[in-house]
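Okay, structure_17.txt now, which holds compact mmCIF, C-alpha atoms (C1' of nucleotides):
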# COMPACT_ATOMS: atom_id res chain seq x y z
CA MET A 3 18.70 -7.32 11.84
CA LYS A 4 17.44 -5.85 8.56
CA ILE A 5 14.93 -3.02 8.79
CA ALA A 6 13.09 -1.62 5.78
CA THR A 7 10.58 1.12 5.02
CA TRP A 8 8.26 1.27 2.03
CA ASN A 9 5.35 3.48 1.05
CA ILE A 10 3.21 0.97 -0.86
CA ASN A 11 0.38 3.33 -1.94
CA SER A 12 -2.51 0.93 -1.18
CA LEU A 13 -1.85 -2.39 0.52
CA LYS A 14 -4.88 -3.82 -1.26
CA VAL A 15 -3.34 -3.24 -4.69
CA ARG A 16 0.23 -4.02 -3.62
CA LEU A 17 -0.26 -7.01 -1.29
CA GLN A 18 1.40 -9.45 -3.70
CA HIS A 19 4.31 -7.03 -4.21
CA VAL A 20 4.83 -6.89 -0.46
CA ILE A 21 4.73 -10.68 -0.14
CA ASP A 22 7.07 -11.16 -3.09
CA TRP A 23 9.48 -8.53 -1.81
CA LEU A 24 9.53 -10.02 1.70
CA ALA A 25 10.44 -13.37 0.14
CA MET A 26 13.33 -11.90 -1.85
CA SER A 27 14.64 -9.38 0.69
CA ARG A 28 14.19 -11.52 3.82
CA VAL A 29 14.07 -8.37 5.97
CA ASP A 30 13.30 -8.80 9.65
CA VAL A 31 11.16 -5.69 9.97
CA LEU A 32 9.17 -3.94 7.24
CA CYS A 33 7.56 -0.57 7.94
CA LEU A 34 4.73 0.27 5.55
CA GLN A 35 2.98 3.54 4.80
CA GLU A 36 -0.14 4.54 2.88
CA LEU A 37 -2.09 1.34 3.50
CA LYS A 38 -5.25 3.17 2.37
CA LEU A 39 -7.48 0.64 4.09
CA PRO A 40 -9.35 0.38 7.43
CA ASP A 41 -8.23 -2.06 10.12
CA ASP A 42 -10.98 -4.58 9.28
CA LYS A 43 -9.62 -4.85 5.71
CA TYR A 44 -6.01 -5.44 6.79
CA PRO A 45 -4.66 -8.65 5.15
CA ARG A 46 -3.23 -10.03 8.39
CA ALA A 47 -3.69 -13.71 7.49
CA ALA A 48 -1.98 -13.42 4.09
CA LEU A 49 1.04 -11.74 5.67
CA GLU A 50 1.17 -14.30 8.46
CA ALA A 51 1.17 -17.04 5.84
CA ALA A 52 4.19 -15.22 4.37
CA GLY A 53 5.89 -15.46 7.76
CA TYR A 54 5.28 -11.97 9.18
CA ARG A 55 3.18 -10.71 12.06
CA SER A 56 1.67 -7.22 11.79
CA TRP A 57 0.97 -4.22 13.94
CA PHE A 58 -1.01 -1.59 12.13
CA SER A 59 -3.06 1.56 12.31
CA GLY A 60 -5.37 1.73 9.32
CA GLN A 61 -7.69 4.34 7.86
CA LYS A 62 -10.19 4.24 5.02
CA THR A 63 -8.92 5.75 1.73
CA TYR A 64 -5.96 7.71 3.14
CA ASN A 65 -2.84 7.22 5.24
CA GLY A 66 -2.46 4.09 7.39
CA VAL A 67 0.82 2.60 8.64
CA ALA A 68 2.07 -0.84 9.68
CA ILE A 69 5.07 -2.67 11.08
CA LEU A 70 5.64 -6.23 9.86
CA VAL A 71 7.91 -8.45 11.96
CA ARG A 72 9.41 -11.75 10.89
CA GLU A 73 8.05 -14.68 12.85
CA GLY A 74 10.23 -15.57 15.82
CA LEU A 75 11.38 -12.05 16.71
CA PRO A 76 10.09 -10.92 20.10
CA VAL A 77 7.70 -7.93 20.12
CA ASP A 78 6.68 -6.14 23.31
CA GLU A 79 2.90 -5.89 22.83
CA ALA A 80 2.42 -3.59 25.80
CA VAL A 81 4.38 -0.67 24.34
CA VAL A 82 2.92 -0.42 20.83
CA ILE A 83 1.95 3.22 20.20
CA ARG A 84 -0.39 4.61 17.55
CA ASN A 85 -0.06 8.27 16.55
CA ILE A 86 2.08 10.88 18.30
CA PRO A 87 1.12 10.90 21.98
CA GLY A 88 -0.52 14.21 22.91
CA PHE A 89 -0.98 15.24 19.26
CA ASP A 90 -4.68 15.02 18.50
CA ASP A 91 -4.91 13.65 14.97
CA LEU A 92 -7.64 11.88 13.00
CA GLN A 93 -5.08 10.84 10.38
CA GLN A 94 -3.30 7.54 11.04
CA ARG A 95 0.32 8.39 10.33
CA LEU A 96 2.49 6.74 12.94
CA ILE A 97 2.99 3.46 14.76
CA ALA A 98 5.83 2.42 17.04
CA ALA A 99 6.79 -1.00 18.38
CA THR A 100 9.70 -2.51 20.29
CA ILE A 101 11.21 -5.46 18.44
CA ASP A 102 13.97 -7.45 20.09
CA GLY A 103 14.90 -4.37 22.11
CA VAL A 104 14.86 -1.96 19.15
CA ARG A 105 12.27 0.80 19.14
CA VAL A 106 11.02 1.04 15.54
CA VAL A 107 8.75 3.77 14.19
CA SER A 108 6.82 3.59 10.91
CA ALA A 109 5.77 7.12 10.01
CA TYR A 110 3.92 8.68 7.11
CA PHE A 111 4.80 12.35 7.32
CA PRO A 112 2.18 14.75 5.92
CA ASN A 113 2.65 15.74 2.29
CA GLY A 114 2.04 19.44 2.93
CA GLN A 115 0.69 20.26 -0.55
CA ALA A 116 2.46 23.65 -0.90
CA PRO A 117 4.06 26.25 1.36
CA GLY A 118 1.46 28.68 2.64
CA THR A 119 -1.46 26.25 2.62
CA ASP A 120 -3.35 24.84 5.62
CA LYS A 121 -1.91 21.41 4.82
CA PHE A 122 1.60 22.84 4.98
CA ALA A 123 0.88 24.37 8.40
CA TYR A 124 -0.43 20.97 9.52
CA LYS A 125 2.78 19.36 8.25
CA LEU A 126 4.94 21.79 10.27
CA SER A 127 2.88 21.31 13.45
CA TRP A 128 3.04 17.53 12.97
CA LEU A 129 6.82 17.77 12.55
CA ALA A 130 7.15 19.88 15.72
CA ALA A 131 5.09 17.38 17.73
CA LEU A 132 7.11 14.51 16.27
CA ARG A 133 10.38 16.15 17.30
CA GLU A 134 9.26 16.59 20.90
CA TRP A 135 8.03 13.02 21.13
CA VAL A 136 11.15 11.59 19.45
CA ALA A 137 13.41 13.47 21.90
CA ALA A 138 11.66 11.78 24.85
CA GLU A 139 11.45 8.44 23.07
CA MET A 140 15.22 8.40 22.41
CA ARG A 141 15.92 8.93 26.09
CA ALA A 142 13.72 5.95 26.93
CA HIS A 143 15.00 3.78 24.06
CA PRO A 144 18.71 4.13 23.20
CA GLN A 145 18.18 1.75 20.28
CA PHE A 146 15.80 3.84 18.20
CA ALA A 147 14.95 3.85 14.48
CA LEU A 148 12.70 6.47 12.86
CA THR A 149 11.68 5.11 9.46
CA GLY A 150 9.15 6.16 6.91
CA ASP A 151 8.01 8.40 4.11
CA TYR A 152 9.26 11.75 5.40
CA ASN A 153 7.97 13.73 2.42
CA ILE A 154 11.17 15.76 2.76
CA ALA A 155 14.20 15.70 0.48
CA PRO A 156 16.85 16.83 2.98
CA GLU A 157 19.46 18.19 0.54
CA ASP A 158 19.76 19.29 -3.07
CA ARG A 159 21.58 16.07 -3.95
CA ASP A 160 18.34 14.27 -3.01
CA VAL A 161 16.51 16.07 -5.82
CA HIS A 162 16.82 15.26 -9.54
CA ASP A 163 16.46 18.93 -10.55
CA PRO A 164 17.11 21.19 -7.56
CA GLN A 165 16.58 24.37 -9.59
CA ALA A 166 13.14 23.35 -10.76
CA TRP A 167 12.18 22.30 -7.22
CA GLU A 168 13.63 25.28 -5.35
CA GLY A 169 11.31 26.57 -2.63
CA GLN A 170 8.62 24.00 -3.38
CA ASN A 171 6.90 21.56 -1.13
CA LEU A 172 9.16 18.65 -0.01
CA VAL A 173 12.33 20.75 -0.36
CA SER A 174 11.40 24.08 1.28
CA PRO A 175 13.72 25.58 3.94
CA GLU A 176 11.07 25.07 6.66
CA GLU A 177 10.82 21.35 5.92
CA ARG A 178 14.59 20.92 5.69
CA ASP A 179 14.96 22.78 9.00
CA ALA A 180 12.53 20.30 10.56
CA PHE A 181 14.55 17.41 9.16
CA ARG A 182 17.75 18.93 10.54
CA SER A 183 16.12 19.38 13.96
CA LEU A 184 15.61 15.60 14.03
CA VAL A 185 19.25 15.09 13.13
CA GLU A 186 20.21 17.51 15.89
CA LEU A 187 18.61 15.15 18.40
CA GLY A 188 21.42 12.77 17.48
CA LEU A 189 19.67 10.80 14.76
CA VAL A 190 21.77 9.69 11.80
CA ASP A 191 20.59 9.36 8.19
CA ALA A 192 21.64 5.74 7.63
CA PHE A 193 21.74 6.15 3.85
CA ARG A 194 24.42 8.84 4.08
CA CYS A 195 26.68 6.70 6.27
CA PHE A 196 27.84 4.93 3.11
CA GLU A 197 29.07 5.66 -0.40
CA GLN A 198 26.02 5.94 -2.63
CA PRO A 199 25.52 6.35 -6.35
CA ASP A 200 24.84 9.90 -7.54
CA LYS A 201 21.16 10.63 -8.09
CA SER A 202 19.87 8.06 -5.61
CA PHE A 203 16.14 8.49 -5.15
CA SER A 204 13.29 6.63 -3.43
CA TRP A 205 10.28 8.16 -5.20
CA TRP A 206 9.47 8.84 -8.85
CA ASP A 207 6.29 10.44 -10.16
CA TYR A 208 4.00 8.12 -12.10
CA ARG A 209 3.81 10.80 -14.78
CA MET A 210 6.30 11.99 -17.37
CA LEU A 211 8.19 8.68 -17.53
CA ALA A 212 9.89 9.90 -14.37
CA PHE A 213 11.26 6.51 -13.32
CA ARG A 214 12.77 5.81 -16.72
CA ARG A 215 14.43 9.23 -16.63
CA ASN A 216 15.38 8.78 -12.96
CA ALA A 217 13.60 12.07 -12.26
CA GLY A 218 13.03 11.38 -8.60
CA LEU A 219 13.44 12.51 -5.02
CA ARG A 220 14.90 10.84 -1.95
CA ILE A 221 12.11 11.32 0.60
CA ASP A 222 12.00 7.92 2.34
CA HIS A 223 14.48 7.63 5.17
CA ILE A 224 15.81 5.53 8.01
CA LEU A 225 17.19 7.66 10.84
CA LEU A 226 19.08 5.81 13.56
CA SER A 227 20.03 6.66 17.12
CA PRO A 228 23.80 6.78 17.77
CA SER A 229 24.00 3.26 19.19
CA LEU A 230 22.15 1.80 16.19
CA ALA A 231 24.10 3.90 13.69
CA GLN A 232 27.26 2.45 15.18
CA CYS A 233 26.20 -1.09 14.25
CA CYS A 234 24.72 -0.21 10.83
CA SER A 235 26.76 -1.94 8.13
CA ALA A 236 24.71 -1.05 5.03
CA CYS A 237 21.84 1.06 3.76
CA GLU A 238 20.38 0.92 0.29
CA ILE A 239 17.37 1.71 -1.85
CA ASP A 240 16.00 -1.34 -3.66
CA LYS A 241 14.62 -0.20 -7.00
CA THR A 242 13.61 -3.73 -8.04
CA PRO A 243 9.90 -3.54 -7.11
CA ARG A 244 9.61 -0.12 -8.78
CA ARG A 245 10.16 -2.00 -12.07
CA TRP A 246 7.36 -4.51 -11.45
CA ASP A 247 3.93 -4.24 -13.06
CA GLN A 248 1.61 -1.73 -11.38
CA PRO A 249 4.27 -0.57 -8.93
CA SER A 250 4.13 1.75 -5.97
CA ASP A 251 5.68 5.11 -6.83
CA HIS A 252 8.13 4.55 -3.93
CA ALA A 253 10.99 2.07 -3.56
CA PRO A 254 11.91 0.41 -0.26
CA VAL A 255 14.91 1.54 1.80
CA ILE A 256 16.79 -1.12 3.79
CA ALA A 257 19.23 -0.72 6.68
CA THR A 258 21.33 -3.64 7.92
CA LEU A 259 22.20 -3.67 11.63
CA GLU A 260 24.90 -6.00 12.97
CA ARG A 261 23.33 -7.09 16.20
C1' DA B 4 1.84 23.34 -22.76
C1' DT B 5 1.78 23.43 -14.99
C1' DG B 6 -0.78 18.45 -17.39
C1' DG B 7 0.64 14.16 -18.05
C1' DC B 8 -0.35 9.03 -13.59
C1' DC B 9 -2.36 6.47 -9.88
C1' DG B 10 -5.81 4.85 -6.08
C1' DA B 11 -10.16 5.39 -3.60
C1' DG B 12 -14.87 6.35 -3.48
C1' DA B 13 -18.58 8.07 -5.33
C1' DA B 14 -20.33 8.10 -9.97
C1' DG B 15 -18.35 8.43 -15.27
C1' DC B 16 -16.34 12.74 -11.58
C1' DT B 17 -13.38 14.76 -7.54
C1' DC B 18 -9.72 14.57 -4.26
C1' DG B 19 -5.10 13.66 -2.68
C1' DG B 20 -0.70 12.38 -3.61
C1' DA B 21 4.66 14.36 -4.22
With the file now loaded, output its structure as structure tokens.
Amino acid sequence: MKIATWNINSLKVRLQHVIDWLAMSRVDVLCLQELKLPDDKYPRAALEAAGYRSWFSGQKTYNGVAILVREGLPVDEAVVIRNIPGFDDLQQRLIAATIDGVRVVSAYFPNGQAPGTDKFAYKLSWLAALREWVAAEMRAHPQFALTGDYNIAPEDRDVHDPQAWEGQNLVSPEERDAFRSLVELGLVDAFRCFEQPDKSFSWWDYRMLAFRRNAGLRIDHILLSPSLAQCCSACEIDKTPRRWDQPSDHAPVIATLER
DNA sequence: ATGGCCGAGAAGCTCGGA
């Protein structure tokens, strides 16, 4: 089973990219973030024509997440969850589904703007609620994958210029502590299970020719429960669609599970 | 030189993103 996560920064603009990338990557599950469209504008039919069924939680203008599942894979409709249970939130940032026995989460973590702001406080409270829910969810689902745009670069090697970024949003100690607290639940960063090129990133600013200079951050992640980590044979960032015309600023991350 | 680029939605601008 191949699972991928991709922040597409508007599904309306990037629909053809998603369809083209599904055709070339042949992933079984694709988690999307930043749909930026309401449920009634979701392009369900076009994605079904491409061979994928969708579960989604949309929102006008901002946020919005989806899980695309290749036709033929069984999905337990009864246990699809939208948003973090018990965390009252108008922003649509999380959806979870059980696909062929694997609990998969597509999450769009808050950006946080800057340490000290209200948005940063919201990010930390969202992260705390996520941690509590994930702890319970892992007990119920031994095969568990937490994928998405974390908006956290967990270590300095995930940052193109750690000195310039020190203390800033996305790399601050509070955010990295929250990331570590997820790892302490037993989750494994699939990308770091394998040899990777230096300066591997998943996001590059649209400005300053950042992609050409590889001035990026690794903020999109696939964290796996121990039993899934054990059967993970590969994890990579696919920079191909970042080179296409009118790209998303993020590249997809793919994990391969031998199951 | 702390802005540059995008997308969305309301209007030729502001907000949010990371």
Counting only C-alpha atoms (C1' of nucleotides), which residues of chain A come no farther than 7 Å from chain B, as a ChimeraX atom specification?
/A:63,113,208-210
All residues 7 Å or closer to region 27-32 of chain A, all atoms listed in the file, same chain fewer than 2 positions away omitted, as a count of residues only:
13
Spatial neighbours of region 211-220 of chain A, 6 Å, only C-alpha atoms (C1' of nucleotides), chain gap at least 4 places, as number ranges by chain:
A: 155, 160-162, 203-207
Contacts of region 197-199 of chain A within 10 Å, all atoms listed in the file, excl. fewer than 3 positions in-chain, as a list in words
Phe193, Arg194, Ser202, Phe203, Ala236, Cys237, Glu238 and Ile239 of chain A
Would you work out the distance separating CA of Val77 (chain A) from CA of Ala142 (chain A), expressed in Å to one decimal?
16.6 Å
Point-to-point distance from CA of Cys233 (chain A) to CA of Leu259 (chain A), Å rounded to tenths:
5.4 Å
Between CA of Ser229 (chain A) and CA of Pro76 (chain A), distance in Å (one decimal):
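Going from CA of Ser229 (chain A) over to CA of Pro76 (chain A) covers 19.9 Å.
Shortest separation to Glu36 (chain A) among A:Val106, A:Val136, A:Val67, A:Ile97 occurs at residue A:Val67, atoms counted being only C-alpha atoms.
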